[in-house]
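Structure data (mmCIF, C-alpha atoms) from entry.cif:
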```cif
data_input
loop_
_atom_site.label_atom_id
_atom_site.label_comp_id
_atom_site.auth_asym_id
_atom_site.auth_seq_id
_atom_site.Cartn_x
_atom_site.Cartn_y
_atom_site.Cartn_z
CA MET A 1 108.82 187.30 109.20
CA ALA A 2 109.10 184.00 107.30
CA PRO A 3 106.12 181.62 107.37
CA PRO A 4 106.41 178.64 109.72
CA ASP A 5 107.98 175.45 108.33
CA PRO A 6 105.43 172.58 108.44
CA SER A 7 108.23 170.06 108.87
CA SER A 8 109.18 171.64 112.17
CA SER A 9 105.75 171.20 113.73
CA SER A 10 105.81 169.66 117.15
CA ARG A 11 102.34 168.11 116.82
CA PRO A 12 102.59 164.30 117.05
CA GLY A 13 101.32 162.09 114.27
CA LEU A 14 101.90 164.53 111.40
CA ALA A 15 105.23 163.17 110.21
CA HIS A 16 103.46 161.43 107.29
CA ARG A 17 100.25 162.09 105.48
CA TYR A 18 98.61 159.66 103.01
CA GLU A 19 96.26 160.70 100.27
CA LEU A 20 94.27 158.05 98.35
CA ARG A 21 93.14 159.09 94.94
CA SER A 22 90.51 157.04 93.15
CA GLY A 23 92.22 157.03 89.77
CA PRO A 24 95.57 155.34 90.59
CA TRP A 25 93.92 153.06 93.19
CA ALA A 26 91.37 151.81 90.67
CA ARG A 27 94.09 151.16 88.07
CA ASP A 28 96.13 149.11 90.57
CA LEU A 29 93.10 147.06 91.55
CA ILE A 30 92.21 146.36 87.94
CA GLY A 31 95.80 145.27 87.32
CA ILE A 32 95.76 142.84 90.25
CA VAL A 33 92.42 141.36 89.19
CA GLY A 34 93.64 141.08 85.62
CA VAL A 35 96.74 139.15 86.67
CA PHE A 36 94.62 136.83 88.84
CA VAL A 37 92.18 136.14 86.00
CA ALA A 38 95.04 135.49 83.61
CA VAL A 39 96.61 132.97 86.01
CA VAL A 40 93.24 131.26 86.50
CA VAL A 41 92.66 131.01 82.74
CA VAL A 42 96.14 129.63 82.10
CA LEU A 43 95.85 127.03 84.88
CA GLY A 44 92.39 126.01 83.72
CA ALA A 45 93.50 125.66 80.12
CA MET A 46 96.57 123.63 81.13
CA SER A 47 94.48 121.30 83.29
CA LEU A 48 91.66 120.80 80.78
CA THR A 49 93.88 120.36 77.71
CA GLY A 50 96.14 117.77 79.31
CA VAL A 51 99.30 119.86 79.38
CA LEU A 52 99.69 119.17 83.09
CA PRO A 53 100.47 115.60 84.22
CA ALA A 54 97.80 113.28 85.59
CA ARG A 55 96.53 113.80 89.13
CA ALA A 56 99.08 112.68 91.70
CA LEU A 57 96.37 111.72 94.25
CA LEU A 58 98.71 112.49 97.15
CA SER A 59 96.84 115.32 98.89
CA ASP A 60 95.43 113.12 101.70
CA PRO A 61 95.55 109.48 102.86
CA ASP A 62 92.20 108.49 101.31
CA SER A 63 93.18 109.78 97.87
CA THR A 64 96.59 108.14 98.21
CA ILE A 65 95.06 104.75 99.02
CA LEU A 66 92.52 104.92 96.20
CA GLY A 67 95.17 105.99 93.71
CA ALA A 68 97.50 103.17 94.71
CA LYS A 69 94.75 100.54 94.51
CA ALA A 70 93.61 101.73 91.09
CA GLU A 71 97.21 101.46 89.88
CA MET A 72 97.52 97.94 91.27
CA ALA A 73 94.23 96.82 89.71
CA SER A 74 95.22 98.25 86.34
CA SER A 75 98.79 96.95 86.27
CA SER A 76 99.58 94.00 84.05
CA ALA A 77 103.18 94.02 85.31
CA LEU A 78 102.56 92.66 88.81
CA ALA A 79 105.29 90.10 89.34
CA PRO A 80 104.71 87.33 89.90
CA ALA A 81 101.23 87.67 88.45
CA PRO A 82 98.67 86.99 91.22
CA SER A 83 95.57 84.92 90.52
CA ILE A 84 93.75 86.03 93.70
CA ALA A 85 92.52 89.53 94.43
CA PHE A 86 90.89 90.70 97.65
CA VAL A 87 88.49 93.61 97.31
CA GLY A 88 86.32 95.30 99.90
CA ASP A 89 86.21 97.94 102.59
CA SER A 90 88.93 99.03 105.00
CA SER A 91 88.73 95.76 106.93
CA CYS A 92 90.05 94.13 103.76
CA LEU A 93 92.72 96.82 103.41
CA VAL A 94 94.01 96.24 106.94
CA ASN A 95 93.11 92.64 107.91
CA ILE A 96 94.39 90.78 104.84
CA ASP A 97 98.19 90.72 105.05
CA VAL A 98 99.64 89.96 101.63
CA PRO A 99 103.24 89.40 102.87
CA THR A 100 101.88 86.60 105.09
CA LEU A 101 100.10 85.02 102.11
CA ARG A 102 103.32 85.20 100.11
CA SER A 103 105.19 83.45 102.91
CA GLU A 104 102.58 80.68 102.62
CA GLY A 105 103.20 80.33 98.90
CA ILE A 106 100.10 82.27 97.76
CA GLU A 107 100.42 85.12 95.30
CA ALA A 108 97.62 87.62 95.82
CA VAL A 109 96.90 91.32 95.71
CA ASN A 110 94.92 93.33 98.25
CA LEU A 111 92.66 95.86 96.49
CA GLY A 112 90.72 96.70 99.66
CA THR A 113 89.93 100.39 100.00
CA LEU A 114 87.53 102.29 102.26
CA SER A 115 84.07 101.82 103.72
CA TYR A 116 83.04 105.17 102.22
CA LEU A 117 82.65 103.32 98.92
CA GLY A 118 79.98 100.83 97.91
CA ILE A 119 80.20 97.19 96.92
CA ASP A 120 79.63 98.26 93.31
CA ASP A 121 82.79 100.40 93.57
CA PHE A 122 84.72 97.38 94.82
CA GLY A 123 83.44 95.65 91.70
CA ARG A 124 85.09 98.30 89.52
CA LEU A 125 88.48 97.41 90.99
CA ALA A 126 87.79 93.67 90.73
CA GLY A 127 86.65 94.02 87.13
CA ARG A 128 89.72 96.05 86.20
CA PHE A 129 91.95 93.40 87.80
CA CYS A 130 90.23 90.56 85.91
CA ALA A 131 90.33 92.29 82.51
CA GLY A 132 92.39 90.20 80.09
CA ARG A 133 93.01 87.47 82.66
CA SER A 134 91.46 84.05 83.09
CA GLY A 135 91.06 81.70 86.05
CA MET A 136 90.90 84.54 88.57
CA VAL A 137 89.69 84.25 92.17
CA ILE A 138 88.03 87.27 93.78
CA VAL A 139 87.44 87.45 97.54
CA LEU A 140 85.00 90.17 98.61
CA VAL A 141 85.77 91.17 102.20
CA VAL A 142 83.15 93.24 104.02
CA HIS A 143 82.63 94.27 107.63
CA PRO A 144 79.22 94.23 109.37
CA GLU A 145 79.68 97.89 110.30
CA GLY A 146 80.07 98.89 106.67
CA LEU A 147 77.13 96.77 105.51
CA GLN A 148 74.71 98.69 107.70
CA THR A 149 75.84 102.16 106.58
CA ALA A 150 72.93 103.79 104.77
CA THR A 151 74.89 105.86 102.23
CA THR A 152 78.25 106.04 100.50
CA SER A 153 80.48 109.03 99.80
CA PRO A 154 80.08 110.72 96.38
CA ASP A 155 83.47 112.41 96.85
CA HIS A 156 85.27 109.10 97.31
CA ARG A 157 83.44 107.62 94.33
CA ARG A 158 84.70 110.50 92.19
CA ILE A 159 88.25 110.05 93.44
CA LEU A 160 88.15 106.37 92.50
CA GLN A 161 86.72 107.22 89.10
CA SER A 162 89.49 109.75 88.55
CA ALA A 163 92.09 107.17 89.61
CA LEU A 164 90.74 104.50 87.25
CA GLU A 165 89.97 106.91 84.40
CA PRO A 166 92.50 109.79 84.66
CA GLY A 167 90.90 111.73 81.81
CA THR A 168 87.49 112.06 83.44
CA LEU A 169 86.26 115.17 85.25
CA ASP A 170 83.02 114.56 87.13
CA MET A 171 82.14 117.42 89.44
CA PRO A 172 78.67 118.34 90.77
CA GLY A 173 77.23 121.82 90.82
CA GLY A 174 77.63 122.84 87.20
CA LEU A 175 80.31 124.68 85.27
CA TRP A 176 81.77 126.71 88.15
CA ASP A 177 82.55 123.69 90.32
CA ALA A 178 84.10 121.84 87.39
CA SER A 179 86.11 124.90 86.41
CA SER A 180 87.38 125.53 89.93
CA MET A 181 88.37 121.87 90.17
CA ALA A 182 90.35 122.16 86.95
CA MET A 183 91.93 125.50 87.85
CA PHE A 184 92.77 125.28 91.54
CA ASP A 185 92.44 121.71 92.77
CA GLY A 186 93.69 120.47 89.43
CA PHE A 187 96.91 122.49 89.68
CA ARG A 188 97.42 121.36 93.27
CA ASP A 189 96.75 117.68 92.48
CA ARG A 190 98.76 117.62 89.28
CA VAL A 191 101.73 119.83 90.16
CA LEU A 192 102.10 120.94 93.78
CA ASP A 193 101.47 117.50 95.32
CA ARG A 194 104.31 116.14 93.21
CA TRP A 195 106.76 118.75 94.50
CA ILE A 196 105.66 119.40 98.08
CA PRO A 197 105.40 116.38 100.43
CA THR A 198 102.10 116.12 102.31
CA PRO A 199 102.56 115.00 105.94
CA LEU A 200 100.19 112.54 107.58
CA ARG A 201 98.76 113.24 111.02
CA GLY A 202 98.63 111.37 114.31
CA ARG A 203 99.62 107.72 114.62
CA LEU A 204 99.33 107.24 110.87
CA GLY A 205 101.91 109.98 110.37
CA ALA A 206 104.22 108.48 112.97
CA ARG A 207 104.06 105.14 111.14
CA TYR A 208 104.18 106.25 107.50
CA GLY A 209 105.39 109.87 107.47
CA PHE A 210 104.12 111.42 104.23
CA THR A 211 101.47 110.44 101.72
CA ARG A 212 104.19 109.55 99.22
CA ASP A 213 105.69 107.12 101.74
CA LEU A 214 102.23 105.66 102.42
CA ARG A 215 101.68 105.04 98.72
CA ARG A 216 105.13 103.47 98.32
CA GLU A 217 104.58 101.05 101.19
CA VAL A 218 101.05 100.08 100.13
CA LEU A 219 102.44 99.14 96.72
CA ALA A 220 105.40 97.30 98.24
CA THR A 221 103.25 95.19 100.59
CA GLY A 222 100.83 94.12 97.88
CA GLY A 223 98.13 96.47 99.13
CA THR A 224 98.14 95.95 102.91
CA LEU A 225 97.97 98.90 105.31
CA GLU A 226 98.83 98.49 109.01
CA GLU A 227 96.42 99.74 111.68
CA THR A 228 98.04 102.23 114.06
CA SER A 229 95.18 102.94 116.52
CA LEU A 230 94.43 101.11 119.78
CA PHE A 231 90.93 99.80 120.46
CA ASP A 232 89.19 101.16 123.55
CA PRO A 233 85.59 99.89 123.92
CA GLY A 234 84.97 102.50 126.62
CA LEU A 235 85.19 105.28 124.03
CA LEU A 236 82.43 103.88 121.84
CA PRO A 237 79.18 105.90 122.01
CA LYS A 238 76.77 102.97 122.31
CA GLY A 239 76.60 99.31 123.17
CA PRO A 240 76.55 96.45 120.66
CA GLY A 241 73.50 95.89 118.50
CA GLU A 242 72.30 93.38 115.95
CA TYR A 243 73.88 93.99 112.59
CA ARG A 244 71.56 94.56 109.63
CA MET A 245 72.29 95.31 106.00
CA ALA A 246 71.33 98.64 104.47
CA ARG A 247 68.86 98.69 101.59
CA ARG A 248 71.55 99.78 99.13
CA ILE A 249 73.49 96.52 99.48
CA SER A 250 71.32 94.31 97.26
CA GLY A 251 71.53 96.66 94.28
CA GLU A 252 75.26 97.19 94.73
CA CYS A 253 75.82 93.41 94.77
CA GLY A 254 73.99 93.11 91.46
CA VAL A 255 76.21 95.76 89.87
CA PHE A 256 79.32 94.13 91.38
CA ARG A 257 78.51 90.82 89.69
CA THR A 258 77.96 92.38 86.28
CA ARG A 259 81.48 93.81 86.39
CA LEU A 260 83.12 90.39 86.69
CA PRO A 261 83.64 87.75 84.00
CA ARG A 262 81.34 84.78 84.47
CA ASP A 263 84.22 82.33 84.92
CA VAL A 264 85.59 84.12 88.01
CA ARG A 265 85.42 82.23 91.29
CA LEU A 266 83.91 84.59 93.84
CA TRP A 267 84.10 84.15 97.60
CA VAL A 268 82.54 86.30 100.32
CA LEU A 269 84.32 86.85 103.63
CA VAL A 270 82.64 88.65 106.54
CA SER A 271 85.22 90.36 108.76
CA PRO A 272 85.41 89.76 112.53
CA ILE A 273 84.28 92.12 115.27
CA PRO A 274 85.58 92.56 118.86
CA ALA A 275 84.10 90.21 121.45
CA SER A 276 82.77 93.16 123.46
CA ARG A 277 80.63 94.20 120.46
CA ALA A 278 79.09 90.79 119.77
CA LEU A 279 75.58 89.83 120.82
CA ARG A 280 74.51 86.29 121.51
CA GLY A 281 73.83 84.60 118.20
CA HIS A 282 76.26 86.79 116.25
CA GLU A 283 77.75 83.78 114.45
CA ALA A 284 74.32 82.69 113.23
CA ARG A 285 73.54 86.22 112.11
CA MET A 286 76.78 86.41 110.10
CA THR A 287 75.96 83.06 108.47
CA GLU A 288 72.62 84.50 107.37
CA ILE A 289 74.30 87.66 106.06
CA HIS A 290 76.76 85.53 104.10
CA ARG A 291 73.90 83.51 102.61
CA GLN A 292 72.06 86.66 101.52
CA LEU A 293 75.18 88.29 100.05
CA SER A 294 76.02 85.09 98.15
CA ALA A 295 72.53 85.03 96.65
CA TRP A 296 72.73 88.66 95.52
CA LEU A 297 76.23 88.09 94.11
CA GLU A 298 75.19 84.87 92.37
CA THR A 299 77.92 82.76 93.91
CA ASP A 300 77.47 79.33 95.45
CA GLN A 301 80.85 79.21 97.19
CA PRO A 302 80.45 78.10 100.84
CA PRO A 303 81.50 80.37 103.70
CA LEU A 304 85.22 80.41 104.40
CA PRO A 305 85.69 78.88 107.88
CA MET A 306 87.03 82.01 109.51
CA PRO A 307 86.16 83.51 112.92
CA VAL A 308 83.63 86.34 113.02
CA ILE A 309 84.50 87.24 116.64
CA LEU A 310 87.99 87.85 118.03
CA PRO A 311 89.27 89.09 121.43
CA ASP A 312 89.30 92.86 121.96
CA PRO A 313 93.14 93.07 122.21
CA SER A 314 93.33 91.89 118.59
CA PHE A 315 91.81 95.16 117.35
CA GLY A 316 93.03 98.68 116.74
CA THR A 317 89.49 99.84 115.92
CA VAL A 318 86.10 98.13 115.78
CA THR A 319 86.80 97.18 112.17
CA HIS A 320 90.60 96.81 111.98
CA LEU A 321 92.94 94.20 113.41
CA LEU A 322 96.34 95.18 114.77
CA PRO A 323 99.30 93.99 112.65
CA PRO A 324 100.11 90.83 114.69
CA ALA A 325 96.45 89.80 114.71
CA ALA A 326 96.11 90.56 110.99
CA ARG A 327 99.05 88.29 110.23
CA GLU A 328 97.59 85.53 112.40
CA TYR A 329 94.16 85.92 110.80
CA THR A 330 95.67 85.80 107.31
CA ARG A 331 97.77 82.77 108.17
CA ALA A 332 94.59 80.95 109.22
CA LEU A 333 92.94 81.98 105.93
CA ALA A 334 95.81 80.86 103.68
CA PRO A 335 95.09 77.08 103.63
CA HIS A 336 91.57 77.72 102.33
CA LEU A 337 92.92 79.64 99.34
CA LYS A 338 95.27 76.96 98.08
CA PRO A 339 94.13 74.82 95.12
CA ARG A 340 92.68 71.46 96.14
#
```
If you took the structure in this file and wrote it as structure tokens, what would it be?
Amino acid sequence: MAPPDPSSSSRPGLAHRYELRSGPWARDLIGIVGVFVAVVVVLGAMSLTGVLPARALLSDPDSTILGAKAEMASSSALAPAPSIAFVGDSSCLVNIDVPTLRSEGIEAVNLGTLSYLGIDDFGRLAGRFCAGRSGMVIVLVVHPEGLQTATTSPDHRRILQSALEPGTLDMPGGLWDASSMAMFDGFRDRVLDRWIPTPLRGRLGARYGFTRDLRREVLATGGTLEETSLFDPGLLPKGPGEYRMARRISGECGVFRTRLPRDVRLWVLVSPIPASRALRGHEARMTEIHRQLSAWLETDQPPLPMPVILPDPSFGTVTHLLPPAAREYTRALAPHLKPR
């Protein structure tokens, strides 16, 4: 009698049988790892040797804003050439509406960025803008909320440095972090972000779409970004308090001043807060803050006669005015910027 045919077995689950042998499996794994290492080495070499283009700075809204502002500060082709530059935190970015200034006959550029940076970082943008120019006016715009923040963001400082000095690579943590930045993040920033659009989220995405669109509009408006949120004082975690300046501010002001030519006219503008966040005596407190900032910055320009408190409906956030209020605020500022 013939032996039974294994293929005719009625036992379930025996239609296929897999056998893993260490030799072929190890060779396949080594091959995969080898290809990965080769790709990493090639990408790293291309990033570090400058074969790849400069960083696109389009991976997120913060990088996009910092990249656009560095480009504006460095450009000698701004037409017509502005003689006034606003620098500062995000209240400068949002509250100073350059199209409104242009409609009032004032050519200016808004180099406001983010409150994650320090006043000394704002000085880097102001200094770059003033390089090779004479008779410049710089307006430093700061918000009381930002002045009391104890620390700044090292990551955002590095992004700004990379935007102003594209050839630099400043990464903490030693060789591995720098290498991974060059190999992975560098390839993404330099290549993929140029090919693949990065969408923005929430209200910002509904207003601007993609990071590339955000950059294009920031450049087109002279540096102004519109606030898209709606202010709700009931969502804030605590009630109003007296604003104080963090210890870091005095040193940052000193560095800011060293980055400007001595013939620059420097003004300080303290941004407004919502009425529901203001304590009694807030105006006097802001006058004192202005006096102290002016002393640290070595400027004797008097305070610009602008409100430091505005109604709650004017705001999208505690620090940012809504577009109609920003245009109104800027229109009130314009007469004080015209030559007398």
**OP:** Rounded to one decimal place, report the atom CA of Leu260 of chain A-atom CA of Ser91 of chain A distance in Å.
**Re:** 21.7 Å
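Closest to Pro311 of chain A among A:Leu164, A:Leu225, A:Ala278, A:Val270 is A:Ala278, based on all atoms listed in the file.
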Original post:
A:Gly251, A:Pro166, A:Pro199, A:Pro233: which is nearest Asp120 of chain A, counting only C-alpha atoms?
Top reply: A:Gly251
**OP:** List, as a PyMOL selection string, every residue that the PyMOL selection byres ((chain A and resi 68) around 12) selects in the file provided.
**Re:** chain A and resi 56-58+61-67+69-75+93+109-113+125+159-160+163-164+211-225
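Among A:Trp267, A:Gly118, A:Ser294, A:Thr287, the residue with the shortest atom-to-atom distance to His336 of chain A, counting all atoms listed in the file, is A:Trp267.
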**OP:** Apply the PyMOL selection byres ((chain A and resi 155) around 12) to the structure shown and report the selected residues as a list in words.
**Re:** Asp62, Ser63, Leu66, Tyr116, Leu117, Thr152, Ser153, Pro154, His156, Arg157, Arg158, Ile159, Leu160, Gln161, Ser162, Asp170, Met171 and Pro172 of chain A
**OP:** Tell me, as a ChimeraX atom specification, which residues lie within 8 Å of Arg257 of chain A, counting all atoms listed in the file; anything in the same chain fewer than 5 positions away does not count.
**Re:** /A:123,297-298
Just the selected residues (C-alpha atoms), exported as a compact mmCIF listing (two decimals), in the frame of the given file, please.
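Generated output (part.txt):
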```
# COMPACT_ATOMS: atom_id res chain seq x y z
CA GLY A 123 83.44 95.65 91.70
CA LEU A 297 76.23 88.09 94.11
CA GLU A 298 75.19 84.87 92.37
```
Original post:
Do you know which residues the PyMOL selection byres ((chain A and resi 318) around 10) returns on this file, as a PyMOL selection string?
Top reply: chain A and resi 91+143+145+230-233+236+272-277+312+314-317+319-321
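Interatomic distance, atom CA of Gly234 of chain A to atom CA of Val141 of chain A: 26.9 Å.
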